[in-house]
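Quick look at entry.cif (mmCIF, C-alpha atoms (C1' of nucleotides)):
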data_coords
loop_
_atom_site.label_atom_id
_atom_site.label_comp_id
_atom_site.auth_asym_id
_atom_site.auth_seq_id
_atom_site.Cartn_x
_atom_site.Cartn_y
_atom_site.Cartn_z
CA MET A 11 13.96 15.43 1.05
CA ASN A 12 16.92 13.31 0.13
CA ILE A 13 16.40 10.21 2.18
CA GLN A 14 19.77 8.80 1.14
CA VAL A 15 21.64 11.41 3.09
CA ILE A 16 22.72 9.75 6.29
CA GLY A 17 25.25 11.27 8.61
CA GLU A 18 28.81 10.35 7.77
CA LEU A 19 30.24 11.65 10.96
CA GLY A 20 30.23 8.74 13.26
CA TYR A 21 31.26 6.42 10.48
CA ALA A 22 33.79 7.97 8.13
CA ALA A 23 37.38 8.91 8.72
CA GLY A 24 38.67 12.11 10.23
CA MET A 25 36.86 12.42 13.52
CA GLY A 26 39.71 13.40 15.70
CA SER A 27 42.67 12.20 17.63
CA GLU A 28 41.99 8.99 19.46
CA ALA A 29 44.68 7.19 21.36
CA VAL A 30 44.26 4.30 18.95
CA GLU A 31 42.87 5.44 15.61
CA PRO A 32 40.03 3.06 14.77
CA ARG A 33 39.63 1.46 11.37
CA TRP A 34 37.14 3.93 9.89
CA LEU A 35 34.91 2.88 7.04
CA GLN A 36 35.95 3.57 3.46
CA ALA A 37 33.59 5.45 1.18
CA ASP A 38 32.32 2.29 -0.50
CA GLU A 39 31.87 0.48 2.80
CA LEU A 40 30.01 3.46 4.18
CA GLU A 41 27.73 3.39 1.18
CA THR A 42 27.03 -0.29 1.73
CA TRP A 43 26.36 0.24 5.39
CA LYS A 44 23.93 3.09 4.74
CA THR A 45 22.05 1.01 2.20
CA LEU A 46 21.93 -2.02 4.45
CA GLN A 47 20.81 -0.08 7.46
CA LEU A 48 18.15 1.86 5.61
CA ALA A 49 16.74 -1.24 3.95
CA MET A 50 16.68 -3.15 7.24
CA ALA A 51 14.90 -0.34 9.05
CA LEU A 52 12.32 0.17 6.29
CA LEU A 53 11.68 -3.54 5.91
CA THR A 54 11.11 -4.04 9.62
CA THR A 55 8.77 -1.07 9.77
CA ALA A 56 6.80 -2.09 6.69
CA LEU A 57 6.25 -5.67 7.86
CA GLY A 58 5.33 -4.58 11.37
CA GLU A 59 2.82 -2.05 10.13
CA GLN A 60 1.14 -4.51 7.80
CA LEU A 61 0.73 -7.07 10.56
CA GLN A 62 -0.55 -4.55 13.06
CA ARG A 63 -3.00 -3.00 10.63
CA ASP A 64 -4.38 -6.19 9.09
CA SER A 65 -4.12 -8.63 11.98
CA GLY A 66 -3.60 -6.68 15.21
CA LEU A 67 -0.31 -8.49 15.86
CA SER A 68 3.13 -7.03 16.37
CA PHE A 69 5.98 -8.58 14.47
CA LEU A 70 7.21 -10.30 17.62
CA GLU A 71 3.75 -11.60 18.43
CA TYR A 72 3.43 -13.08 14.95
CA TYR A 73 6.86 -14.62 15.24
CA VAL A 74 6.00 -16.17 18.61
CA LEU A 75 2.78 -17.69 17.29
CA ALA A 76 4.56 -18.95 14.16
CA GLY A 77 7.34 -20.46 16.27
CA LEU A 78 4.87 -22.30 18.46
CA SER A 79 2.81 -23.52 15.52
CA ASP A 80 5.88 -25.22 14.18
CA GLN A 81 6.54 -27.33 17.24
CA PRO A 82 5.09 -30.73 18.06
CA GLU A 83 2.12 -30.15 20.40
CA HIS A 84 2.36 -26.44 19.50
CA THR A 85 4.44 -26.12 22.64
CA MET A 86 7.78 -24.57 23.50
CA ARG A 87 9.73 -23.53 26.59
CA LEU A 88 9.89 -19.81 27.15
CA SER A 89 13.68 -19.92 27.19
CA SER A 90 13.79 -21.63 23.79
CA LEU A 91 11.25 -19.19 22.43
CA ALA A 92 13.40 -16.34 23.73
CA ILE A 93 16.39 -17.59 21.74
CA LEU A 94 14.26 -18.27 18.68
CA THR A 95 12.78 -14.80 18.68
CA ASN A 96 15.94 -13.07 19.78
CA SER A 97 14.20 -11.42 22.70
CA GLU A 98 14.88 -11.30 26.41
CA LEU A 99 13.08 -13.63 28.74
CA SER A 100 11.53 -10.79 30.66
CA ARG A 101 10.11 -9.20 27.55
CA LEU A 102 8.79 -12.55 26.43
CA SER A 103 7.21 -13.25 29.80
CA HIS A 104 5.25 -9.98 29.66
CA LEU A 105 4.31 -10.59 26.04
CA ILE A 106 3.09 -14.14 26.71
CA ARG A 107 0.95 -12.83 29.54
CA ARG A 108 -0.73 -10.40 27.17
CA LEU A 109 -1.23 -13.11 24.55
CA GLU A 110 -2.68 -15.26 27.33
CA ASP A 111 -5.11 -12.47 28.23
CA ARG A 112 -6.20 -12.46 24.59
CA GLY A 113 -6.62 -16.23 24.62
CA LEU A 114 -4.03 -16.91 21.91
CA VAL A 115 -1.56 -18.80 24.09
CA ARG A 116 -1.56 -20.53 27.44
CA ARG A 117 1.19 -21.30 29.93
CA GLU A 118 1.97 -24.51 31.79
CA PRO A 119 4.87 -25.58 33.95
CA ASP A 120 6.88 -28.39 32.37
CA PRO A 121 5.56 -31.57 34.02
CA ASN A 122 9.04 -33.14 34.02
CA ASP A 123 10.98 -30.21 35.42
CA GLY A 124 9.19 -27.49 37.31
CA ARG A 125 11.83 -24.89 36.52
CA PHE A 126 10.70 -24.67 32.93
CA THR A 127 7.52 -23.04 31.67
CA ASN A 128 5.90 -24.08 28.42
CA ALA A 129 3.96 -21.74 26.19
CA ILE A 130 1.24 -23.50 24.22
CA LEU A 131 -0.63 -22.19 21.20
CA THR A 132 -4.40 -22.33 21.67
CA PRO A 133 -6.81 -23.13 18.81
CA ASP A 134 -7.75 -19.44 18.78
CA GLY A 135 -4.09 -18.51 18.52
CA HIS A 136 -3.60 -20.88 15.65
CA ALA A 137 -6.65 -19.47 13.91
CA GLU A 138 -5.29 -15.94 14.22
CA LEU A 139 -1.97 -17.05 12.78
CA VAL A 140 -3.65 -18.75 9.83
CA LYS A 141 -5.61 -15.58 9.16
CA ALA A 142 -2.54 -13.36 9.41
CA ALA A 143 -0.09 -15.46 7.39
CA PRO A 144 -1.18 -14.84 3.79
CA GLY A 145 -0.96 -11.06 4.00
CA HIS A 146 2.38 -11.20 5.75
CA VAL A 147 3.91 -13.68 3.31
CA GLU A 148 2.58 -11.71 0.39
CA LEU A 149 4.37 -8.61 1.62
CA VAL A 150 7.64 -10.47 2.26
CA ARG A 151 7.49 -11.78 -1.28
CA LYS A 152 6.69 -8.39 -2.72
CA LEU A 153 9.34 -6.48 -0.79
CA VAL A 154 12.17 -9.01 -0.70
CA PHE A 155 11.86 -11.54 -3.50
CA ASP A 156 10.05 -9.84 -6.34
CA PRO A 157 12.79 -7.19 -6.76
CA LEU A 158 15.62 -9.76 -6.94
CA THR A 159 16.78 -12.18 -9.60
CA GLY A 160 17.63 -15.71 -8.51
CA THR A 161 21.33 -14.91 -8.64
CA GLU A 162 20.87 -11.82 -6.52
CA ARG A 163 18.80 -13.71 -4.01
CA ARG A 164 21.46 -16.37 -3.63
CA ALA A 165 24.19 -13.76 -3.31
CA LEU A 166 22.18 -11.99 -0.60
CA GLN A 167 21.70 -15.22 1.28
CA LYS A 168 25.36 -16.11 1.01
CA ALA A 169 26.50 -12.72 2.28
CA MET A 170 24.07 -12.72 5.18
CA SER A 171 25.00 -16.30 6.09
CA LYS A 172 28.60 -15.26 6.41
CA LEU A 173 27.65 -12.66 9.00
CA LEU A 174 25.91 -15.18 11.22
CA PRO A 175 28.90 -16.76 12.97
CA GLY A 176 30.12 -13.36 14.13
CA LEU A 177 26.63 -12.35 15.18
CA LEU A 178 25.98 -15.56 17.07
CA GLY A 179 29.30 -15.19 18.84
CA ASP A 180 30.03 -17.99 21.24
CA CYS A 181 26.46 -19.30 21.55
CA MET B 296 19.38 -25.40 21.05
CA ASN B 297 19.17 -25.12 17.33
CA ILE B 298 18.87 -21.44 16.71
CA GLN B 299 18.34 -21.98 12.99
CA VAL B 300 14.95 -23.55 13.54
CA ILE B 301 12.40 -20.90 12.82
CA GLY B 302 8.74 -21.65 12.35
CA GLU B 303 7.79 -22.47 8.81
CA LEU B 304 4.11 -22.23 9.37
CA GLY B 305 3.20 -18.72 8.54
CA TYR B 306 5.62 -18.69 5.63
CA ALA B 307 5.65 -21.96 3.73
CA ALA B 308 2.95 -23.57 1.64
CA GLY B 309 0.11 -25.71 2.89
CA MET B 310 -1.60 -23.57 5.48
CA GLY B 311 -5.16 -24.16 4.49
CA SER B 312 -7.87 -23.14 2.13
CA GLU B 313 -7.91 -19.42 1.49
CA ALA B 314 -10.31 -17.87 -0.95
CA VAL B 315 -7.30 -16.78 -2.99
CA GLU B 316 -4.28 -18.98 -2.37
CA PRO B 317 -1.36 -16.65 -1.69
CA ARG B 318 2.02 -17.09 -3.28
CA TRP B 319 3.73 -19.00 -0.47
CA LEU B 320 7.49 -19.00 -0.21
CA GLN B 321 9.48 -21.81 -1.78
CA ALA B 322 11.94 -23.74 0.36
CA ASP B 323 14.96 -21.80 -0.89
CA GLU B 324 13.20 -18.47 -0.48
CA LEU B 325 12.17 -19.42 3.01
CA GLU B 326 15.76 -20.26 3.82
CA THR B 327 16.89 -16.87 2.53
CA TRP B 328 14.21 -15.09 4.48
CA LYS B 329 15.11 -16.87 7.72
CA THR B 330 18.77 -16.02 7.26
CA LEU B 331 18.06 -12.41 6.42
CA GLN B 332 15.68 -11.93 9.29
CA LEU B 333 17.91 -13.57 11.83
CA ALA B 334 20.96 -11.62 10.73
CA MET B 335 19.05 -8.33 10.77
CA ALA B 336 17.69 -8.96 14.24
CA LEU B 337 21.03 -10.02 15.68
CA LEU B 338 22.89 -7.14 14.05
CA THR B 339 20.46 -4.56 15.37
CA THR B 340 20.64 -6.03 18.85
CA ALA B 341 24.42 -6.28 18.89
CA LEU B 342 24.96 -2.69 17.74
CA GLY B 343 22.36 -1.34 20.15
CA GLU B 344 23.86 -3.18 23.09
CA GLN B 345 27.38 -1.99 22.36
CA LEU B 346 26.25 1.62 22.13
CA GLN B 347 24.17 1.43 25.28
CA ARG B 348 26.88 -0.32 27.26
CA ASP B 349 29.86 1.76 26.13
CA SER B 350 28.24 5.15 25.52
CA GLY B 351 24.84 5.23 27.19
CA LEU B 352 23.14 5.93 23.85
CA SER B 353 20.42 3.97 22.11
CA PHE B 354 20.87 3.23 18.45
CA LEU B 355 18.32 5.89 17.55
CA GLU B 356 19.96 8.45 19.80
CA TYR B 357 23.32 7.81 18.15
CA TYR B 358 21.74 8.05 14.73
CA VAL B 359 20.09 11.37 15.64
CA LEU B 360 23.34 12.86 16.91
CA ALA B 361 25.22 11.57 13.86
CA GLY B 362 22.58 12.99 11.53
CA LEU B 363 22.79 16.40 13.17
CA SER B 364 26.59 16.42 13.18
CA ASP B 365 26.54 16.01 9.44
CA GLN B 366 24.48 19.11 8.74
CA PRO B 367 25.72 22.66 8.31
CA GLU B 368 25.33 24.41 11.67
CA HIS B 369 24.67 20.99 13.21
CA THR B 370 21.02 21.79 12.75
CA MET B 371 18.07 19.97 11.25
CA ARG B 372 14.28 20.24 11.26
CA LEU B 373 12.52 17.61 13.32
CA SER B 374 10.49 16.53 10.32
CA SER B 375 13.63 15.96 8.24
CA LEU B 376 15.27 14.13 11.11
CA ALA B 377 12.18 11.94 11.38
CA ILE B 378 12.51 10.88 7.75
CA LEU B 379 16.25 10.40 8.07
CA THR B 380 15.93 8.19 11.10
CA ASN B 381 12.80 6.44 9.91
CA SER B 382 10.93 7.31 13.10
CA GLU B 383 7.65 9.02 13.80
CA LEU B 384 7.57 12.66 14.68
CA SER B 385 6.00 12.00 18.04
CA ARG B 386 8.67 9.52 19.02
CA LEU B 387 11.34 11.94 17.89
CA SER B 388 9.79 14.83 19.79
CA HIS B 389 9.91 12.84 23.03
CA LEU B 390 13.43 11.64 22.30
CA ILE B 391 14.70 15.14 21.55
CA ARG B 392 13.24 16.34 24.82
CA ARG B 393 15.18 13.68 26.70
CA LEU B 394 18.36 14.53 24.79
CA GLU B 395 17.67 18.17 25.65
CA ASP B 396 17.37 17.28 29.33
CA ARG B 397 20.79 15.63 29.06
CA GLY B 398 22.20 18.72 27.35
CA LEU B 399 23.15 16.95 24.11
CA VAL B 400 20.76 18.80 21.84
CA ARG B 401 18.71 21.97 21.97
CA ARG B 402 15.55 23.02 20.21
CA GLU B 403 14.74 26.29 18.44
CA PRO B 404 11.85 27.40 16.27
CA ASP B 405 12.93 28.09 12.69
CA PRO B 406 13.43 31.87 12.53
CA ASN B 407 12.05 32.03 8.98
CA ASP B 408 8.99 29.89 9.51
CA GLY B 409 7.64 29.36 12.98
CA ARG B 410 5.94 26.09 12.07
CA PHE B 411 9.25 24.29 11.90
CA THR B 412 11.37 23.33 14.85
CA ASN B 413 15.10 22.89 14.53
CA ALA B 414 17.11 20.47 16.61
CA ILE B 415 20.67 21.63 17.17
CA LEU B 416 23.60 19.56 18.38
CA THR B 417 25.30 21.12 21.40
CA PRO B 418 29.07 20.96 21.95
CA ASP B 419 28.41 18.39 24.67
CA GLY B 420 26.35 16.34 22.24
CA HIS B 421 29.09 16.48 19.67
CA ALA B 422 31.63 15.41 22.26
CA GLU B 423 29.50 12.40 23.20
CA LEU B 424 29.22 11.42 19.56
CA VAL B 425 32.96 11.69 19.04
CA LYS B 426 33.51 9.48 22.05
CA ALA B 427 30.94 6.92 20.92
CA ALA B 428 31.87 6.67 17.25
CA PRO B 429 35.07 4.59 17.31
CA GLY B 430 33.57 1.69 19.24
CA HIS B 431 30.46 1.68 17.11
CA VAL B 432 32.34 1.80 13.82
CA GLU B 433 34.70 -0.88 14.99
CA LEU B 434 31.78 -3.20 15.65
CA VAL B 435 30.13 -2.45 12.30
CA ARG B 436 33.40 -3.31 10.63
CA LYS B 437 33.85 -6.47 12.62
CA LEU B 438 30.30 -7.75 12.18
CA VAL B 439 29.53 -6.64 8.64
CA PHE B 440 32.71 -6.10 6.64
CA ASP B 441 35.35 -8.39 8.08
CA PRO B 442 33.36 -11.55 7.23
CA LEU B 443 32.81 -10.55 3.59
CA THR B 444 35.04 -10.49 0.54
CA GLY B 445 34.87 -7.42 -1.70
CA THR B 446 32.73 -9.31 -4.19
CA GLU B 447 30.33 -10.41 -1.51
CA ARG B 448 30.08 -6.91 -0.11
CA ARG B 449 29.23 -5.50 -3.52
CA ALA B 450 26.65 -8.23 -4.11
CA LEU B 451 25.06 -7.49 -0.75
CA GLN B 452 24.89 -3.81 -1.53
CA LYS B 453 23.43 -4.44 -4.95
CA ALA B 454 20.72 -6.75 -3.61
CA MET B 455 19.76 -4.39 -0.80
CA SER B 456 19.70 -1.42 -3.18
CA LYS B 457 17.19 -3.23 -5.32
CA LEU B 458 14.84 -3.52 -2.37
CA LEU B 459 14.85 0.19 -1.68
CA PRO B 460 12.38 1.40 -4.34
CA GLY B 461 9.75 -1.00 -3.06
CA LEU B 462 10.46 -0.09 0.52
CA LEU B 463 10.37 3.64 -0.12
CA GLY B 464 7.08 3.22 -1.94
CA ASP B 465 5.69 6.48 -3.27
CA CYS B 466 7.80 8.83 -1.11
"C1'" DG C 63 20.26 -34.86 53.26
"C1'" DA C 64 21.07 -29.88 54.56
"C1'" DG C 65 22.83 -25.74 52.54
"C1'" DG C 66 24.30 -23.13 49.06
"C1'" DA C 67 24.57 -22.48 43.94
"C1'" DT C 68 22.36 -22.31 39.49
"C1'" DG C 69 18.96 -21.67 36.10
"C1'" DA C 70 14.40 -20.24 34.56
"C1'" DC C 71 11.37 -17.62 34.98
"C1'" DT C 72 8.17 -13.61 37.29
"C1'" DT C 73 7.24 -9.17 38.84
"C1'" DG C 74 6.96 -4.11 39.57
"C1'" DA C 75 8.83 0.18 38.46
"C1'" DA C 76 11.15 3.13 35.27
"C1'" DA C 77 12.03 4.27 30.57
"C1'" DC C 78 10.45 4.46 26.06
"C1'" DT C 79 7.08 4.23 22.12
"C1'" DT C 80 2.60 4.66 20.21
"C1'" DC C 81 -1.84 6.63 19.90
"C1'" DA C 82 -5.11 10.21 19.88
"C1'" DA C 83 -5.89 14.81 20.57
"C1'" DG C 84 -4.53 19.43 20.89
"C1'" DT C 85 -2.00 23.79 19.46
"C1'" DA C 86 -0.09 27.14 16.66
"C1'" DA C 87 1.94 29.23 12.40
"C1'" DG C 88 1.45 30.28 7.88
"C1'" DA C 89 -1.21 29.56 3.25
"C1'" DC C 90 -5.19 30.30 0.76
"C1'" DG C 91 -9.75 31.61 -0.82
"C1'" DA C 92 -13.84 34.83 -0.31
"C1'" DT D 12 -8.84 40.71 6.34
"C1'" DC D 13 -11.35 37.11 8.03
"C1'" DG D 14 -12.10 32.40 8.43
"C1'" DT D 15 -10.76 27.95 7.09
"C1'" DC D 16 -7.19 24.57 5.89
"C1'" DT D 17 -2.88 22.39 6.07
"C1'" DT D 18 1.42 21.36 8.09
"C1'" DA D 19 4.49 20.61 11.90
"C1'" DC D 20 4.92 19.76 15.75
"C1'" DT D 21 3.59 18.91 21.19
"C1'" DT D 22 1.43 16.65 24.80
"C1'" DG D 23 -0.64 13.20 28.02
"C1'" DA D 24 -2.19 8.73 28.50
"C1'" DA D 25 -1.97 3.99 27.29
"C1'" DG D 26 0.78 0.27 25.92
"C1'" DT D 27 5.37 -2.03 25.61
"C1'" DT D 28 10.14 -2.94 26.81
"C1'" DT D 29 13.99 -2.82 29.91
"C1'" DC D 30 16.04 -3.09 34.34
"C1'" DA D 31 16.68 -4.79 38.84
"C1'" DA D 32 15.09 -7.69 42.19
"C1'" DG D 33 12.64 -11.56 43.79
"C1'" DT D 34 10.88 -16.50 43.69
"C1'" DC D 35 11.14 -21.18 43.20
"C1'" DA D 36 12.64 -25.74 41.55
"C1'" DT D 37 16.46 -28.57 40.92
"C1'" DC D 38 21.40 -29.63 41.20
"C1'" DC D 39 25.68 -30.23 43.57
"C1'" DT D 40 28.74 -30.64 47.41
"C1'" DC D 41 29.94 -31.89 51.63
#
Take the structure in the file and write it out as structure tokens.
Amino acid sequence: MNIQVIGELGYAAGMGSEAVEPRWLQADELETWKTLQLAMALLTTALGEQLQRDSGLSFLEYYVLAGLSDQPEHTMRLSSLAILTNSELSRLSHLIRRLEDRGLVRREPDPNDGRFTNAILTPDGHAELVKAAPGHVELVRKLVFDPLTGTERRALQKAMSKLLPGLLGDC
Amino acid sequence: MNIQVIGELGYAAGMGSEAVEPRWLQADELETWKTLQLAMALLTTALGEQLQRDSGLSFLEYYVLAGLSDQPEHTMRLSSLAILTNSELSRLSHLIRRLEDRGLVRREPDPNDGRFTNAILTPDGHAELVKAAPGHVELVRKLVFDPLTGTERRALQKAMSKLLPGLLGDC
DNA sequence: GAGGATGACTTGAAACTTCAAGTAAGACGA
DNA sequence: TCGTCTTACTTGAAGTTTCAAGTCATCCTC
């Protein structure tokens, strides 16, 4: 099975007669997009599977615990955590409840402003994170950094950085 | 809110005393990883939202229709489609059923070998794809290609290509 | 300082994905 | 040619995410 073969229709030129003909992708751009998309999808899957298998955490759960562990008091508002993890508040609220049920996190209203809710990493949650981290980091290194030279790594970072303003929009 | 701030614990050095100290990420690697991860997450979200909003298709649904449209007879085995779209067979089977219910795809056993099932794009499905494609491609162009110079685009492609062997593993 | 607006969640239901079996067709060995 | 094995799905239930309201605290205006 040739895994490189990804549908061109939907990306390349010649799809029909639109009122305003869009700027279709050129062959080399299409190639780049296929590569980028495939690598992103495979990377996400691989990291998620490793975490789930070895630590019983989804990628988002790991990311939430890691985000909390990095804050003073191991505490963060749900709304900040939602931005940090690029997930909707509703999704996060459900997820925090499940982490709470597992004893990895607890919830408290902000004492200074009752509209906010803080999520707080418990000692158990921190312990789980510490157990999960080495395997996760090892895989990131193996999949992302080991294959690249220093120059390539810097070029990758530069290119991705230039996408961020457009992706962040007017935030 | 500083959206750049992503937890370092879980990635950077100094997490404790493991039996075998893992190869933690260096500061510059960590920076690259944060950038890459953030950009990937935002890009996926942005493209998915545009498709859902403007065409009522999830990213995977679009990808499935595009994959089919690219095949002779607009037909592909579910197992091939699963590899192409990097999704599990079970997920795909459910998704194809829903697309079937919406009349965008139909299912047929392979006439030559009854173990295989073919998914076939219907005229309605093709029409939906043709309607969805311009907006999607426009956004890919705007978010990925407009911000990059030709040199940067080629560097990005090169770096991502070098990750693929590791990501594909022993396939 | 009452009354409505705003922001930050929370909740329940619907949609979707994952997990664990189950089914069925063809290959293969005895 | 019979039984077993493998492959390619399919299915139902459990778990997760999304969607559409709902709640509640604070702010803002008159």
Write out as an mmCIF file with C-alpha atoms, keeping the file's coordinate frame the residues lying within 7 Å of region 74-87 of chain C, counting only C-alpha atoms (C1' of nucleotides) and excluding same-chain residues fewer than 5 positions away.
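Output file around12.cif is given in full below:
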data_model
loop_
_atom_site.group_PDB
_atom_site.id
_atom_site.type_symbol
_atom_site.label_atom_id
_atom_site.label_comp_id
_atom_site.auth_asym_id
_atom_site.auth_seq_id
_atom_site.Cartn_x
_atom_site.Cartn_y
_atom_site.Cartn_z
ATOM 1 C CA ARG B 386 8.670 9.520 19.020
ATOM 2 C CA GLY B 409 7.640 29.360 12.980
ATOM 3 C CA ARG B 410 5.940 26.090 12.070
#
- Item | Picked residues, the PyMOL selection byres ((chain B and resi 363) around 12), as number ranges by chain | A: 15-20; B: 356-362, 364-373, 375-377, 379-380, 391, 399-401, 413-418, 420-421, 424
- Message: At a cut-off of 8 Å, using all atoms listed in the file, what residues contact DA70 (chain C)? Leave out same-chain residues fewer than 2 positions from it and give the result as a VMD selection string.
- Response: chain A and resid 89 125 to 127
- Quick one, how far is CA of Leu166 (chain A) from CA of Asn96 (chain A)?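 CA of Leu166 (chain A) sits 21.3 Å away from CA of Asn96 (chain A).
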- Identify, on the basis of only C-alpha atoms (C1' of nucleotides), every residue whose closest approach to DG63 (chain C) does not exceed 12 Å; exclude the query and any residue fewer than 2 positions from it along the same chain; express the result as number ranges by chain. C: 65; D: 40-41
The selected residues should be written to file as an mmCIF file, keeping the file's coordinate frame (atoms: C-alpha atoms (C1' of nucleotides)).
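That gives us result-v7.cif:
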data_model
loop_
_atom_site.group_PDB
_atom_site.id
_atom_site.type_symbol
_atom_site.label_atom_id
_atom_site.label_comp_id
_atom_site.auth_asym_id
_atom_site.auth_seq_id
_atom_site.Cartn_x
_atom_site.Cartn_y
_atom_site.Cartn_z
ATOM 1 C "C1'" DG C 65 22.830 -25.740 52.540
ATOM 2 C "C1'" DT D 40 28.740 -30.640 47.410
ATOM 3 C "C1'" DC D 41 29.940 -31.890 51.630
#
- Name the residues that the PyMOL selection byres ((chain A) within 7 of (chain B)) pulls out of this structure, and write them as JSON, numbers by chain. {"A": [13, 16, 17, 18, 19, 20, 21, 25, 32, 33, 34, 42, 45, 46, 49, 50, 52, 53, 76, 77, 79, 80, 93, 94, 139, 140, 143, 144, 147, 148, 153, 154, 157, 158, 162, 165, 166, 167, 169, 170, 171, 172, 173, 174, 176, 177]}
- Task: Could you list the residues in chain C lying within 10 Å of chain A, using only C-alpha atoms (C1' of nucleotides), and format the result as an MDAnalysis selection string?
- Result: chainID C and resid 69:73
Go ahead and save the picked residues with C-alpha atoms (C1' of nucleotides), as a PDB file, in the coordinates of the input.
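out38.pdb written:
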ATOM      1  C1'  DG C  69      18.960 -21.670  36.100  1.00  0.00           C
ATOM      2  C1'  DA C  70      14.400 -20.240  34.560  1.00  0.00           C
ATOM      3  C1'  DC C  71      11.370 -17.620  34.980  1.00  0.00           C
ATOM      4  C1'  DT C  72       8.170 -13.610  37.290  1.00  0.00           C
ATOM      5  C1'  DT C  73       7.240  -9.170  38.840  1.00  0.00           C
TER       6       DT C  73
END
- Message: Given the PyMOL selection byres ((chain D) within 10 of (chain A)) and the file above, list the residues it selects as a PyMOL selection string.
- Response: chain D and resi 27-30+35-37
- Item | Coordinates-based distance that separates CA of Gly113 (chain A) from CA of Glu138 (chain A) (Å, one decimal) |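 Value for the CA of Glu138 (chain A)-CA of Gly113 (chain A) distance: 10.5 Å.
The coordinates place CA of Gly343 (chain B) at 23.1 Å from CA of Ala37 (chain A).
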- Residue with smallest distance to Leu57 (chain A) - pool A:Phe69, A:Gly179, A:Pro121, A:Arg108, counting all atoms listed in the file: A:Phe69
How would region 61-106 of chain A of the given structure read as a file with C-alpha atoms, as a CSV table (one decimal), in the first residue's frame?
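Final output, saved to decode.csv:
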chain,number,residue,atom,x,y,z
A,61,LEU,CA,1.1,7.8,26.6
A,62,GLN,CA,-2.1,5.8,26.8
A,63,ARG,CA,-0.3,2.5,26.7
A,64,ASP,CA,2.5,3.3,29.2
A,65,SER,CA,0.7,5.7,31.5
A,66,GLY,CA,-3.0,5.5,31.0
A,67,LEU,CA,-3.2,9.2,30.0
A,68,SER,CA,-4.5,10.8,26.8
A,69,PHE,CA,-2.3,13.4,25.2
A,70,LEU,CA,-4.6,16.2,26.5
A,71,GLU,CA,-4.6,14.8,30.0
A,72,TYR,CA,-0.8,14.7,30.0
A,73,TYR,CA,-0.7,18.3,28.6
A,74,VAL,CA,-3.1,19.5,31.3
A,75,LEU,CA,-1.1,17.9,34.1
A,76,ALA,CA,2.1,19.3,32.7
A,77,GLY,CA,0.6,22.7,32.3
A,78,LEU,CA,-0.5,22.7,36.0
A,79,SER,CA,2.8,21.4,37.2
A,80,ASP,CA,4.5,24.4,35.7
A,81,GLN,CA,2.4,27.0,37.6
A,82,PRO,CA,3.1,28.4,41.0
A,83,GLU,CA,1.0,26.4,43.5
A,84,HIS,CA,0.3,23.9,40.7
A,85,THR,CA,-2.8,25.9,40.1
A,86,MET,CA,-4.5,27.4,37.0
A,87,ARG,CA,-7.9,28.8,36.0
A,88,LEU,CA,-9.8,26.6,33.7
A,89,SER,CA,-10.1,29.3,31.1
A,90,SER,CA,-6.3,29.8,31.0
A,91,LEU,CA,-5.9,26.1,30.8
A,92,ALA,CA,-8.3,26.0,27.9
A,93,ILE,CA,-6.2,28.5,26.0
A,94,LEU,CA,-3.0,26.7,26.9
A,95,THR,CA,-4.3,23.4,25.7
A,96,ASN,CA,-6.2,24.7,22.8
A,97,SER,CA,-9.4,23.0,23.9
A,98,GLU,CA,-12.9,24.3,24.6
A,99,LEU,CA,-14.0,25.1,28.1
A,100,SER,CA,-16.7,22.5,28.0
A,101,ARG,CA,-14.4,19.7,27.0
A,102,LEU,CA,-11.9,20.8,29.7
A,103,SER,CA,-14.6,20.9,32.3
A,104,HIS,CA,-15.6,17.3,31.6
A,105,LEU,CA,-12.0,16.2,31.4
A,106,ILE,CA,-11.2,17.9,34.7
